[in-house]
>>> print(open('upload.txt').read())   # compact mmCIF, N, CA and C atoms
# COMPACT_ATOMS: atom_id res chain seq x y z
N MET A 1 120.62 41.06 -80.67
CA MET A 1 120.86 41.55 -79.33
C MET A 1 121.27 40.37 -78.45
N GLU A 2 122.18 40.61 -77.57
CA GLU A 2 122.68 39.57 -76.66
C GLU A 2 121.64 39.21 -75.59
N GLN A 3 121.51 37.93 -75.30
CA GLN A 3 120.63 37.48 -74.23
C GLN A 3 121.30 37.76 -72.90
N ARG A 4 120.62 38.53 -72.01
CA ARG A 4 121.20 38.94 -70.74
C ARG A 4 120.50 38.32 -69.53
N THR A 5 119.47 37.54 -69.75
CA THR A 5 118.73 36.96 -68.63
C THR A 5 118.34 35.53 -68.95
N HIS A 6 118.10 34.75 -67.91
CA HIS A 6 117.62 33.38 -68.04
C HIS A 6 118.50 32.56 -68.99
N VAL A 7 119.80 32.76 -68.92
CA VAL A 7 120.72 32.13 -69.88
C VAL A 7 120.85 30.63 -69.68
N LEU A 8 120.50 30.11 -68.50
CA LEU A 8 120.60 28.68 -68.25
C LEU A 8 119.26 27.95 -68.42
N ALA A 9 118.23 28.65 -68.87
CA ALA A 9 116.91 28.02 -69.06
C ALA A 9 117.02 26.88 -70.07
N SER A 10 116.32 25.79 -69.79
CA SER A 10 116.33 24.61 -70.65
C SER A 10 115.60 24.90 -71.95
N ARG A 11 116.32 24.83 -73.05
CA ARG A 11 115.71 25.05 -74.37
C ARG A 11 114.68 23.96 -74.67
N ARG A 12 114.89 22.78 -74.14
CA ARG A 12 113.97 21.66 -74.35
C ARG A 12 112.63 21.89 -73.64
N LEU A 13 112.66 22.58 -72.50
CA LEU A 13 111.44 22.76 -71.71
C LEU A 13 110.74 24.10 -71.94
N VAL A 14 111.49 25.17 -72.19
CA VAL A 14 110.86 26.49 -72.34
C VAL A 14 111.12 27.13 -73.69
N GLY A 15 111.86 26.49 -74.56
CA GLY A 15 111.99 26.98 -75.92
C GLY A 15 113.35 27.54 -76.28
N GLU A 16 113.50 27.80 -77.55
CA GLU A 16 114.74 28.30 -78.16
C GLU A 16 114.50 29.74 -78.62
N PRO A 17 115.26 30.69 -78.09
CA PRO A 17 115.12 32.07 -78.56
C PRO A 17 115.46 32.17 -80.05
N VAL A 18 114.60 32.83 -80.80
CA VAL A 18 114.88 33.04 -82.22
C VAL A 18 115.07 34.52 -82.55
N LYS A 19 114.61 35.39 -81.64
CA LYS A 19 114.79 36.83 -81.84
C LYS A 19 114.73 37.53 -80.49
N ILE A 20 115.72 38.36 -80.25
CA ILE A 20 115.72 39.24 -79.07
C ILE A 20 116.06 40.63 -79.58
N GLU A 21 115.11 41.54 -79.42
CA GLU A 21 115.30 42.94 -79.82
C GLU A 21 114.97 43.81 -78.62
N ASP A 22 115.17 45.10 -78.75
CA ASP A 22 114.85 46.01 -77.67
C ASP A 22 113.36 45.97 -77.37
N GLY A 23 112.99 45.39 -76.22
CA GLY A 23 111.59 45.33 -75.81
C GLY A 23 110.76 44.27 -76.48
N LYS A 24 111.40 43.37 -77.25
CA LYS A 24 110.66 42.32 -77.96
C LYS A 24 111.47 41.02 -77.96
N ALA A 25 110.74 39.91 -78.04
CA ALA A 25 111.41 38.61 -78.16
C ALA A 25 110.47 37.60 -78.81
N GLU A 26 111.08 36.61 -79.46
CA GLU A 26 110.35 35.47 -80.01
C GLU A 26 111.10 34.20 -79.60
N VAL A 27 110.32 33.20 -79.20
CA VAL A 27 110.87 31.94 -78.74
C VAL A 27 110.05 30.80 -79.33
N GLU A 28 110.72 29.76 -79.84
CA GLU A 28 110.04 28.58 -80.39
C GLU A 28 110.20 27.38 -79.45
N LEU A 29 109.16 26.56 -79.39
CA LEU A 29 109.19 25.33 -78.61
C LEU A 29 108.54 24.22 -79.41
N LEU A 30 109.28 23.13 -79.58
CA LEU A 30 108.70 21.92 -80.17
C LEU A 30 108.20 21.07 -79.02
N THR A 31 106.89 20.89 -78.93
CA THR A 31 106.33 20.09 -77.83
C THR A 31 106.61 18.61 -78.08
N THR A 32 106.69 17.85 -76.99
CA THR A 32 107.05 16.44 -77.06
C THR A 32 106.03 15.58 -76.33
N GLU A 33 106.13 14.29 -76.54
CA GLU A 33 105.22 13.34 -75.87
C GLU A 33 105.35 13.41 -74.35
N GLU A 34 106.55 13.70 -73.84
CA GLU A 34 106.71 13.76 -72.39
C GLU A 34 105.98 14.95 -71.77
N MET A 35 105.54 15.91 -72.59
CA MET A 35 104.77 17.05 -72.10
C MET A 35 103.27 16.75 -72.05
N ALA A 36 102.88 15.60 -72.62
CA ALA A 36 101.46 15.23 -72.71
C ALA A 36 100.95 14.70 -71.37
N VAL A 37 99.66 14.93 -71.15
CA VAL A 37 99.02 14.50 -69.90
C VAL A 37 98.04 13.35 -70.08
N ASP A 38 97.77 12.98 -71.34
CA ASP A 38 96.82 11.90 -71.57
C ASP A 38 97.10 11.18 -72.89
N GLU A 39 96.28 10.17 -73.16
CA GLU A 39 96.48 9.35 -74.36
C GLU A 39 96.18 10.11 -75.66
N TYR A 40 95.55 11.28 -75.56
CA TYR A 40 95.27 12.09 -76.75
C TYR A 40 96.48 12.96 -77.15
N GLY A 41 97.42 13.10 -76.23
CA GLY A 41 98.58 13.93 -76.49
C GLY A 41 98.41 15.38 -76.10
N LEU A 42 97.43 15.67 -75.23
CA LEU A 42 97.20 17.04 -74.77
C LEU A 42 98.40 17.51 -73.95
N VAL A 43 99.00 18.62 -74.38
CA VAL A 43 100.16 19.17 -73.68
C VAL A 43 99.71 19.93 -72.44
N HIS A 44 100.38 19.68 -71.32
CA HIS A 44 100.08 20.38 -70.07
C HIS A 44 100.27 21.89 -70.29
N GLY A 45 99.33 22.68 -69.81
CA GLY A 45 99.37 24.13 -69.99
C GLY A 45 100.59 24.80 -69.40
N GLY A 46 101.23 24.16 -68.43
CA GLY A 46 102.42 24.74 -67.82
C GLY A 46 103.55 24.93 -68.83
N PHE A 47 103.61 24.08 -69.85
CA PHE A 47 104.66 24.24 -70.86
C PHE A 47 104.38 25.44 -71.76
N THR A 48 103.11 25.63 -72.09
CA THR A 48 102.73 26.80 -72.89
C THR A 48 102.97 28.08 -72.09
N PHE A 49 102.58 28.05 -70.82
CA PHE A 49 102.81 29.20 -69.94
C PHE A 49 104.31 29.47 -69.81
N GLY A 50 105.10 28.43 -69.60
CA GLY A 50 106.54 28.58 -69.46
C GLY A 50 107.18 29.21 -70.69
N LEU A 51 106.72 28.82 -71.86
CA LEU A 51 107.21 29.39 -73.11
C LEU A 51 106.91 30.89 -73.16
N ALA A 52 105.67 31.26 -72.85
CA ALA A 52 105.27 32.67 -72.87
C ALA A 52 106.05 33.47 -71.82
N ASP A 53 106.21 32.90 -70.64
CA ASP A 53 106.96 33.56 -69.57
C ASP A 53 108.41 33.79 -69.99
N TYR A 54 109.03 32.80 -70.58
CA TYR A 54 110.41 32.91 -71.04
C TYR A 54 110.53 34.02 -72.08
N ALA A 55 109.60 34.08 -73.02
CA ALA A 55 109.61 35.14 -74.03
C ALA A 55 109.45 36.52 -73.37
N ALA A 56 108.59 36.61 -72.36
CA ALA A 56 108.40 37.88 -71.65
C ALA A 56 109.69 38.30 -70.95
N MET A 57 110.38 37.36 -70.31
CA MET A 57 111.63 37.68 -69.64
C MET A 57 112.67 38.18 -70.65
N LEU A 58 112.70 37.55 -71.82
CA LEU A 58 113.67 37.95 -72.85
C LEU A 58 113.32 39.30 -73.47
N ALA A 59 112.02 39.64 -73.50
CA ALA A 59 111.63 40.96 -74.01
C ALA A 59 112.15 42.05 -73.08
N VAL A 60 112.14 41.80 -71.77
CA VAL A 60 112.71 42.74 -70.81
C VAL A 60 114.24 42.68 -70.86
N ASN A 61 114.77 41.48 -70.87
CA ASN A 61 116.20 41.19 -71.06
C ASN A 61 117.12 41.89 -70.07
N GLU A 62 116.72 41.93 -68.82
CA GLU A 62 117.56 42.44 -67.74
C GLU A 62 117.96 41.26 -66.86
N PRO A 63 119.21 41.18 -66.41
CA PRO A 63 119.68 40.01 -65.65
C PRO A 63 118.86 39.68 -64.41
N THR A 64 118.26 40.68 -63.76
CA THR A 64 117.54 40.44 -62.51
C THR A 64 116.02 40.49 -62.65
N VAL A 65 115.51 40.33 -63.86
CA VAL A 65 114.06 40.39 -64.06
C VAL A 65 113.39 39.16 -63.46
N VAL A 66 112.23 39.38 -62.83
CA VAL A 66 111.41 38.30 -62.29
C VAL A 66 109.95 38.57 -62.63
N LEU A 67 109.15 37.52 -62.59
CA LEU A 67 107.72 37.63 -62.82
C LEU A 67 107.01 37.85 -61.49
N GLY A 68 106.17 38.88 -61.43
CA GLY A 68 105.40 39.14 -60.21
C GLY A 68 103.96 38.68 -60.31
N LYS A 69 103.41 38.74 -61.52
CA LYS A 69 101.99 38.42 -61.70
C LYS A 69 101.76 38.20 -63.19
N ALA A 70 100.78 37.36 -63.49
CA ALA A 70 100.41 37.14 -64.88
C ALA A 70 98.89 37.00 -64.98
N GLU A 71 98.34 37.61 -66.00
CA GLU A 71 96.92 37.49 -66.31
C GLU A 71 96.85 36.85 -67.68
N VAL A 72 96.40 35.60 -67.73
CA VAL A 72 96.51 34.83 -68.97
C VAL A 72 95.20 34.13 -69.33
N LYS A 73 95.13 33.77 -70.63
CA LYS A 73 94.01 32.96 -71.12
C LYS A 73 94.57 31.87 -72.02
N PHE A 74 94.12 30.65 -71.78
CA PHE A 74 94.42 29.52 -72.65
C PHE A 74 93.29 29.47 -73.67
N LEU A 75 93.60 29.60 -74.96
CA LEU A 75 92.58 29.77 -75.98
C LEU A 75 92.30 28.52 -76.81
N LYS A 76 93.31 27.68 -77.00
CA LYS A 76 93.15 26.45 -77.79
C LYS A 76 94.06 25.38 -77.19
N PRO A 77 93.67 24.13 -77.32
CA PRO A 77 94.55 23.06 -76.83
C PRO A 77 95.78 22.91 -77.72
N VAL A 78 96.84 22.36 -77.12
CA VAL A 78 98.08 22.08 -77.83
C VAL A 78 98.32 20.58 -77.78
N LYS A 79 98.68 20.01 -78.92
CA LYS A 79 98.92 18.57 -79.00
C LYS A 79 100.42 18.32 -79.12
N ALA A 80 100.88 17.27 -78.43
CA ALA A 80 102.29 16.90 -78.48
C ALA A 80 102.75 16.77 -79.93
N GLY A 81 103.92 17.32 -80.21
CA GLY A 81 104.47 17.31 -81.56
C GLY A 81 104.30 18.63 -82.28
N GLU A 82 103.41 19.48 -81.76
CA GLU A 82 103.22 20.79 -82.39
C GLU A 82 104.38 21.72 -82.04
N LYS A 83 104.74 22.57 -83.00
CA LYS A 83 105.72 23.62 -82.74
C LYS A 83 104.95 24.88 -82.36
N LEU A 84 105.38 25.51 -81.28
CA LEU A 84 104.76 26.74 -80.81
C LEU A 84 105.76 27.88 -80.96
N ILE A 85 105.23 29.08 -81.17
CA ILE A 85 106.08 30.27 -81.14
C ILE A 85 105.44 31.31 -80.25
N ALA A 86 106.24 31.83 -79.33
CA ALA A 86 105.79 32.89 -78.44
C ALA A 86 106.37 34.21 -78.91
N ARG A 87 105.53 35.23 -78.92
CA ARG A 87 105.97 36.58 -79.25
C ARG A 87 105.62 37.47 -78.06
N ALA A 88 106.62 38.18 -77.57
CA ALA A 88 106.42 39.04 -76.41
C ALA A 88 106.92 40.44 -76.70
N GLU A 89 106.22 41.42 -76.13
CA GLU A 89 106.60 42.82 -76.32
C GLU A 89 106.29 43.61 -75.06
N VAL A 90 107.24 44.43 -74.64
CA VAL A 90 107.01 45.34 -73.52
C VAL A 90 106.03 46.40 -73.99
N THR A 91 104.89 46.49 -73.32
CA THR A 91 103.86 47.45 -73.72
C THR A 91 103.85 48.68 -72.82
N GLU A 92 104.36 48.54 -71.60
CA GLU A 92 104.47 49.66 -70.67
C GLU A 92 105.76 49.53 -69.89
N ASP A 93 106.54 50.60 -69.91
CA ASP A 93 107.79 50.63 -69.15
C ASP A 93 107.61 51.63 -68.02
N LEU A 94 107.45 51.11 -66.82
CA LEU A 94 107.23 51.95 -65.65
C LEU A 94 108.48 51.96 -64.77
N GLY A 95 109.63 52.00 -65.38
CA GLY A 95 110.89 51.96 -64.64
C GLY A 95 111.24 50.53 -64.29
N LYS A 96 111.19 50.22 -63.02
CA LYS A 96 111.54 48.87 -62.58
C LYS A 96 110.42 47.86 -62.86
N LYS A 97 109.22 48.34 -63.16
CA LYS A 97 108.11 47.46 -63.51
C LYS A 97 107.85 47.58 -65.01
N LYS A 98 107.70 46.42 -65.64
CA LYS A 98 107.41 46.38 -67.08
C LYS A 98 106.18 45.51 -67.30
N LEU A 99 105.26 45.98 -68.12
CA LEU A 99 104.13 45.15 -68.53
C LEU A 99 104.47 44.59 -69.90
N VAL A 100 104.33 43.27 -70.01
CA VAL A 100 104.70 42.60 -71.25
C VAL A 100 103.51 41.81 -71.77
N LYS A 101 103.16 42.05 -73.04
CA LYS A 101 102.13 41.27 -73.72
C LYS A 101 102.83 40.07 -74.35
N ALA A 102 102.33 38.88 -74.05
CA ALA A 102 102.90 37.66 -74.64
C ALA A 102 101.78 36.83 -75.24
N GLU A 103 102.03 36.36 -76.45
CA GLU A 103 101.07 35.51 -77.16
C GLU A 103 101.81 34.29 -77.69
N VAL A 104 101.10 33.16 -77.73
CA VAL A 104 101.68 31.92 -78.25
C VAL A 104 100.79 31.45 -79.39
N PHE A 105 101.46 31.07 -80.48
CA PHE A 105 100.77 30.60 -81.69
C PHE A 105 101.24 29.19 -82.04
N ASN A 106 100.33 28.40 -82.62
CA ASN A 106 100.74 27.08 -83.10
C ASN A 106 101.25 27.20 -84.53
N GLU A 107 101.61 26.06 -85.12
CA GLU A 107 102.20 26.09 -86.47
C GLU A 107 101.20 26.48 -87.55
N ARG A 108 99.90 26.52 -87.23
CA ARG A 108 98.87 26.99 -88.17
C ARG A 108 98.58 28.48 -87.96
N ASP A 109 99.42 29.13 -87.14
CA ASP A 109 99.31 30.55 -86.81
C ASP A 109 98.01 30.87 -86.06
N GLU A 110 97.50 29.89 -85.31
CA GLU A 110 96.34 30.10 -84.45
C GLU A 110 96.85 30.47 -83.06
N LYS A 111 96.25 31.51 -82.48
CA LYS A 111 96.65 31.90 -81.13
C LYS A 111 96.11 30.88 -80.14
N VAL A 112 97.01 30.30 -79.34
CA VAL A 112 96.61 29.30 -78.36
C VAL A 112 96.67 29.83 -76.93
N PHE A 113 97.31 30.99 -76.75
CA PHE A 113 97.53 31.53 -75.41
C PHE A 113 97.83 33.02 -75.53
N GLY A 114 97.35 33.79 -74.57
CA GLY A 114 97.69 35.21 -74.53
C GLY A 114 97.65 35.72 -73.11
N GLY A 115 98.44 36.73 -72.84
CA GLY A 115 98.41 37.28 -71.51
C GLY A 115 99.28 38.50 -71.32
N THR A 116 99.14 39.08 -70.13
CA THR A 116 99.96 40.20 -69.70
C THR A 116 100.80 39.73 -68.53
N PHE A 117 102.09 39.94 -68.63
CA PHE A 117 103.04 39.55 -67.60
C PHE A 117 103.58 40.81 -66.92
N HIS A 118 103.48 40.84 -65.59
CA HIS A 118 103.97 41.96 -64.80
C HIS A 118 105.38 41.58 -64.33
N CYS A 119 106.37 42.20 -64.95
CA CYS A 119 107.77 41.85 -64.70
C CYS A 119 108.43 42.96 -63.88
N TYR A 120 109.34 42.56 -63.01
CA TYR A 120 110.03 43.50 -62.15
C TYR A 120 111.53 43.31 -62.29
N VAL A 121 112.23 44.42 -62.46
CA VAL A 121 113.69 44.40 -62.53
C VAL A 121 114.19 44.79 -61.13
N LEU A 122 114.79 43.84 -60.46
CA LEU A 122 115.25 44.03 -59.08
C LEU A 122 116.64 44.65 -59.03
N GLU A 123 116.95 45.26 -57.90
CA GLU A 123 118.27 45.86 -57.70
C GLU A 123 119.37 44.79 -57.68
N ARG A 124 119.02 43.62 -57.13
CA ARG A 124 119.98 42.51 -57.09
C ARG A 124 119.20 41.22 -57.28
N HIS A 125 119.90 40.14 -57.47
CA HIS A 125 119.26 38.82 -57.71
C HIS A 125 118.32 38.48 -56.56
N VAL A 126 117.20 37.91 -56.88
CA VAL A 126 116.16 37.58 -55.90
C VAL A 126 116.67 36.63 -54.81
N LEU A 127 117.68 35.85 -55.09
CA LEU A 127 118.21 34.91 -54.08
C LEU A 127 119.40 35.47 -53.30
N GLU A 128 119.79 36.68 -53.55
CA GLU A 128 120.91 37.28 -52.80
C GLU A 128 120.43 37.86 -51.49
>>> encode(input="upload.txt", output="structure tokens")
Amino acid sequence: MEQRTHVLASRRLVGEPVKIEDGKAEVELLTTEEMAVDEYGLVHGGFTFGLADYAAMLAVNEPTVVLGKAEVKFLKPVKAGEKLIARAEVTEDLGKKKLVKAEVFNERDEKVFGGTFHCYVLERHVLE
């Protein structure tokens, strides 16, 4: 399926789409040292959140989709150098509002993040 939203998103920062289907998406992100916040290599949670958010947007895949709210849990730490994969699926389609379940897994297939993203498809671009 063709990517219809967030086409200019940085693959280095929010991941590389590997699958976009009707109501579903998967995105991979290789974390880097520049994402780390300390000498242990702990990756800042914003990168994990950004990956999940990007996958949620691609699951909706409408040009004017935006995030209105997210309810999330960080379940395990992520270390720089780990590859993450986000899987997102639209679980409720309420017309212009979509609820999307997004989960992020590390390379050992351990869930490191999960949440529900409340996405809205606007009539026109949010900056118009």
>>> closest_residue(input="upload.txt", among="A:Ala9, A:Leu29, A:Phe74, A:Ala56", to="Ala102 of chain A", atoms="all atoms listed in the file")
A:Ala56
>>> atom_distance(input="upload.txt", atom1="atom CA of Thr91 of chain A", atom2="atom C of His6 of chain A")
21.4 Å
>>> closest_residue(input="upload.txt", among="A:Leu13, A:Ala52, A:Ala59, A:Ile85", to="Met1 of chain A", atoms="only C-alpha atoms")
A:Ala59
>>> select_by_dssp(input="upload.txt", residues="segment 32-102 of chain A", states="strand (DSSP E)", output="list in words")
Val65, Val66, Leu67, Gly68, Lys69, Ala70, Glu71, Val72, Lys73, Phe74, Lys83, Leu84, Ile85, Ala86, Arg87, Ala88, Glu89, Val90, Thr91, Glu92, Asp93, Leu94, Lys97, Lys98, Leu99, Val100, Lys101 and Ala102 of chain A
>>> residues_around(input="upload.txt", residues="Lys101 of chain A", least_positions_apart="6", cutoff="6 Å", atoms="only N, CA and C atoms", output="VMD selection string")
chain A and resid 87 to 91 115 to 117
>>> residues_near_point(input="upload.txt", point="(97.6, 28.0, -74.4)", cutoff="6 Å", atoms="only N, CA and C atoms", output="PDB file with N, CA and C atoms, keeping the file's coordinate frame")
ATOM      1  N   THR A  48     103.110  25.630 -72.090  1.00  0.00           N
ATOM      2  CA  THR A  48     102.730  26.800 -72.890  1.00  0.00           C
ATOM      3  C   THR A  48     102.970  28.080 -72.090  1.00  0.00           C
ATOM      4  N   LYS A  73      95.130  33.770 -70.630  1.00  0.00           N
ATOM      5  CA  LYS A  73      94.010  32.960 -71.120  1.00  0.00           C
ATOM      6  C   LYS A  73      94.570  31.870 -72.020  1.00  0.00           C
ATOM      7  N   PHE A  74      94.120  30.650 -71.780  1.00  0.00           N
ATOM      8  CA  PHE A  74      94.420  29.520 -72.650  1.00  0.00           C
ATOM      9  C   PHE A  74      93.290  29.470 -73.670  1.00  0.00           C
ATOM     10  N   LEU A  75      93.600  29.600 -74.960  1.00  0.00           N
ATOM     11  CA  LEU A  75      92.580  29.770 -75.980  1.00  0.00           C
ATOM     12  C   LEU A  75      92.300  28.520 -76.810  1.00  0.00           C
ATOM     13  N   LYS A  76      93.310  27.680 -77.000  1.00  0.00           N
ATOM     14  CA  LYS A  76      93.150  26.450 -77.790  1.00  0.00           C
ATOM     15  C   LYS A  76      94.060  25.380 -77.190  1.00  0.00           C
ATOM     16  N   VAL A 112      97.010  30.300 -79.340  1.00  0.00           N
ATOM     17  CA  VAL A 112      96.610  29.300 -78.360  1.00  0.00           C
ATOM     18  C   VAL A 112      96.670  29.830 -76.930  1.00  0.00           C
ATOM     19  N   PHE A 113      97.310  30.990 -76.750  1.00  0.00           N
ATOM     20  CA  PHE A 113      97.530  31.530 -75.410  1.00  0.00           C
ATOM     21  C   PHE A 113      97.830  33.020 -75.530  1.00  0.00           C
ATOM     22  N   GLY A 114      97.350  33.790 -74.570  1.00  0.00           N
ATOM     23  CA  GLY A 114      97.690  35.210 -74.530  1.00  0.00           C
ATOM     24  C   GLY A 114      97.650  35.720 -73.110  1.00  0.00           C
TER      25      GLY A 114
END
>>> atom_distance(input="upload.txt", atom1="atom CA of Asp38 of chain A", atom2="atom CA of Gly81 of chain A")
13.7 Å
>>> closest_residue(input="upload.txt", among="A:Leu84, A:Asn61, A:Val18, A:Glu92", to="Arg108 of chain A", atoms="only C-alpha atoms")
A:Leu84
>>> closest_residue(input="upload.txt", among="A:Cys119, A:Leu42, A:Val7, A:Leu58", to="Ile20 of chain A", atoms="only C-alpha atoms")
A:Leu58
>>> atom_distance(input="upload.txt", atom1="atom CA of Gly95 of chain A", atom2="atom CA of Ala55 of chain A")
19.3 Å
>>> residues_near_point(input="upload.txt", point="(112.3, 29.4, -75.1)", cutoff="7 Å", atoms="only N, CA and C atoms", output="PyMOL selection string")
chain A and resi 10-11+13-17+26-29+50-51+54-55
>>> write_last_selection(input="upload.txt", atoms="N, CA and C atoms", output="PDB file, in the frame of the given file")
ATOM      1  N   SER A  10     116.320  25.790 -69.790  1.00  0.00           N
ATOM      2  CA  SER A  10     116.330  24.610 -70.650  1.00  0.00           C
ATOM      3  C   SER A  10     115.600  24.900 -71.950  1.00  0.00           C
ATOM      4  N   ARG A  11     116.320  24.830 -73.050  1.00  0.00           N
ATOM      5  CA  ARG A  11     115.710  25.050 -74.370  1.00  0.00           C
ATOM      6  C   ARG A  11     114.680  23.960 -74.670  1.00  0.00           C
ATOM      7  N   LEU A  13     112.660  22.580 -72.500  1.00  0.00           N
ATOM      8  CA  LEU A  13     111.440  22.760 -71.710  1.00  0.00           C
ATOM      9  C   LEU A  13     110.740  24.100 -71.940  1.00  0.00           C
ATOM     10  N   VAL A  14     111.490  25.170 -72.190  1.00  0.00           N
ATOM     11  CA  VAL A  14     110.860  26.490 -72.340  1.00  0.00           C
ATOM     12  C   VAL A  14     111.120  27.130 -73.690  1.00  0.00           C
ATOM     13  N   GLY A  15     111.860  26.490 -74.560  1.00  0.00           N
ATOM     14  CA  GLY A  15     111.990  26.980 -75.920  1.00  0.00           C
ATOM     15  C   GLY A  15     113.350  27.540 -76.280  1.00  0.00           C
ATOM     16  N   GLU A  16     113.500  27.800 -77.550  1.00  0.00           N
ATOM     17  CA  GLU A  16     114.740  28.300 -78.160  1.00  0.00           C
ATOM     18  C   GLU A  16     114.500  29.740 -78.620  1.00  0.00           C
ATOM     19  N   PRO A  17     115.260  30.690 -78.090  1.00  0.00           N
ATOM     20  CA  PRO A  17     115.120  32.070 -78.560  1.00  0.00           C
ATOM     21  C   PRO A  17     115.460  32.170 -80.050  1.00  0.00           C
ATOM     22  N   GLU A  26     111.080  36.610 -79.460  1.00  0.00           N
ATOM     23  CA  GLU A  26     110.350  35.470 -80.010  1.00  0.00           C
ATOM     24  C   GLU A  26     111.100  34.200 -79.600  1.00  0.00           C
ATOM     25  N   VAL A  27     110.320  33.200 -79.200  1.00  0.00           N
ATOM     26  CA  VAL A  27     110.870  31.940 -78.740  1.00  0.00           C
ATOM     27  C   VAL A  27     110.050  30.800 -79.330  1.00  0.00           C
ATOM     28  N   GLU A  28     110.720  29.760 -79.840  1.00  0.00           N
ATOM     29  CA  GLU A  28     110.040  28.580 -80.390  1.00  0.00           C
ATOM     30  C   GLU A  28     110.200  27.380 -79.450  1.00  0.00           C
ATOM     31  N   LEU A  29     109.160  26.560 -79.390  1.00  0.00           N
ATOM     32  CA  LEU A  29     109.190  25.330 -78.610  1.00  0.00           C
ATOM     33  C   LEU A  29     108.540  24.220 -79.410  1.00  0.00           C
ATOM     34  N   GLY A  50     105.100  28.430 -69.600  1.00  0.00           N
ATOM     35  CA  GLY A  50     106.540  28.580 -69.460  1.00  0.00           C
ATOM     36  C   GLY A  50     107.180  29.210 -70.690  1.00  0.00           C
ATOM     37  N   LEU A  51     106.720  28.820 -71.860  1.00  0.00           N
ATOM     38  CA  LEU A  51     107.210  29.390 -73.110  1.00  0.00           C
ATOM     39  C   LEU A  51     106.910  30.890 -73.160  1.00  0.00           C
ATOM     40  N   TYR A  54     109.030  32.800 -70.580  1.00  0.00           N
ATOM     41  CA  TYR A  54     110.410  32.910 -71.040  1.00  0.00           C
ATOM     42  C   TYR A  54     110.530  34.020 -72.080  1.00  0.00           C
ATOM     43  N   ALA A  55     109.600  34.080 -73.020  1.00  0.00           N
ATOM     44  CA  ALA A  55     109.610  35.140 -74.030  1.00  0.00           C
ATOM     45  C   ALA A  55     109.450  36.520 -73.370  1.00  0.00           C
TER      46      ALA A  55
END
>>> residues_around(input="upload.txt", residues="Lys79 of chain A", least_positions_apart="3", cutoff="5 Å", atoms="all atoms listed in the file", output="PDB file with N, CA and C atoms, in the frame of the given file")
ATOM      1  N   GLY A  41      97.420  13.100 -76.230  1.00  0.00           N
ATOM      2  CA  GLY A  41      98.580  13.930 -76.490  1.00  0.00           C
ATOM      3  C   GLY A  41      98.410  15.380 -76.100  1.00  0.00           C
ATOM      4  N   LEU A  42      97.430  15.670 -75.230  1.00  0.00           N
ATOM      5  CA  LEU A  42      97.200  17.040 -74.770  1.00  0.00           C
ATOM      6  C   LEU A  42      98.400  17.510 -73.950  1.00  0.00           C
ATOM      7  N   VAL A  43      99.000  18.620 -74.380  1.00  0.00           N
ATOM      8  CA  VAL A  43     100.160  19.170 -73.680  1.00  0.00           C
ATOM      9  C   VAL A  43      99.710  19.930 -72.440  1.00  0.00           C
ATOM     10  N   GLU A  82     103.410  19.480 -81.760  1.00  0.00           N
ATOM     11  CA  GLU A  82     103.220  20.790 -82.390  1.00  0.00           C
ATOM     12  C   GLU A  82     104.380  21.720 -82.040  1.00  0.00           C
TER      13      GLU A  82
END
>>> axis_aligned_box(input="upload.txt", around="segment 50-59 of chain A", padding_each_side="4 Å", output="JSON")
{"center_x": 109.4, "center_y": 35.2, "center_z": -71.7, "size_x": 16.6, "size_y": 21.6, "size_z": 12.6}
>>> select_by_dssp(input="upload.txt", residues="chain A", states="alpha helix (DSSP H)", output="ChimeraX atom specification")
/A:11-14,45-60
>>> closest_residue(input="upload.txt", among="A:Lys69, A:Arg124, A:Pro63, A:Ala80", to="Val37 of chain A", atoms="all atoms listed in the file")
A:Ala80
>>> closest_residue(input="upload.txt", among="A:Val66, A:Asp93, A:Pro77, A:Leu127", to="Lys111 of chain A", atoms="only N, CA and C atoms")
A:Pro77
>>> residues_around(input="upload.txt", residues="Leu67 of chain A", least_positions_apart="6", cutoff="8 Å", atoms="only N, CA and C atoms", output="PDB file with N, CA and C atoms, in the frame of the given file")
ATOM      1  N   ASP A  53     106.210  32.900 -70.640  1.00  0.00           N
ATOM      2  CA  ASP A  53     106.960  33.560 -69.570  1.00  0.00           C
ATOM      3  C   ASP A  53     108.410  33.790 -69.990  1.00  0.00           C
ATOM      4  N   MET A  57     110.380  37.360 -70.310  1.00  0.00           N
ATOM      5  CA  MET A  57     111.630  37.680 -69.640  1.00  0.00           C
ATOM      6  C   MET A  57     112.670  38.180 -70.650  1.00  0.00           C
ATOM      7  N   PHE A 117     102.090  39.940 -68.630  1.00  0.00           N
ATOM      8  CA  PHE A 117     103.040  39.550 -67.600  1.00  0.00           C
ATOM      9  C   PHE A 117     103.580  40.810 -66.920  1.00  0.00           C
ATOM     10  N   HIS A 118     103.480  40.840 -65.590  1.00  0.00           N
ATOM     11  CA  HIS A 118     103.970  41.960 -64.800  1.00  0.00           C
ATOM     12  C   HIS A 118     105.380  41.580 -64.330  1.00  0.00           C
ATOM     13  N   CYS A 119     106.370  42.200 -64.950  1.00  0.00           N
ATOM     14  CA  CYS A 119     107.770  41.850 -64.700  1.00  0.00           C
ATOM     15  C   CYS A 119     108.430  42.960 -63.880  1.00  0.00           C
ATOM     16  N   TYR A 120     109.340  42.560 -63.010  1.00  0.00           N
ATOM     17  CA  TYR A 120     110.030  43.500 -62.150  1.00  0.00           C
ATOM     18  C   TYR A 120     111.530  43.310 -62.290  1.00  0.00           C
ATOM     19  N   VAL A 121     112.230  44.420 -62.460  1.00  0.00           N
ATOM     20  CA  VAL A 121     113.690  44.400 -62.530  1.00  0.00           C
ATOM     21  C   VAL A 121     114.190  44.790 -61.130  1.00  0.00           C
TER      22      VAL A 121
END
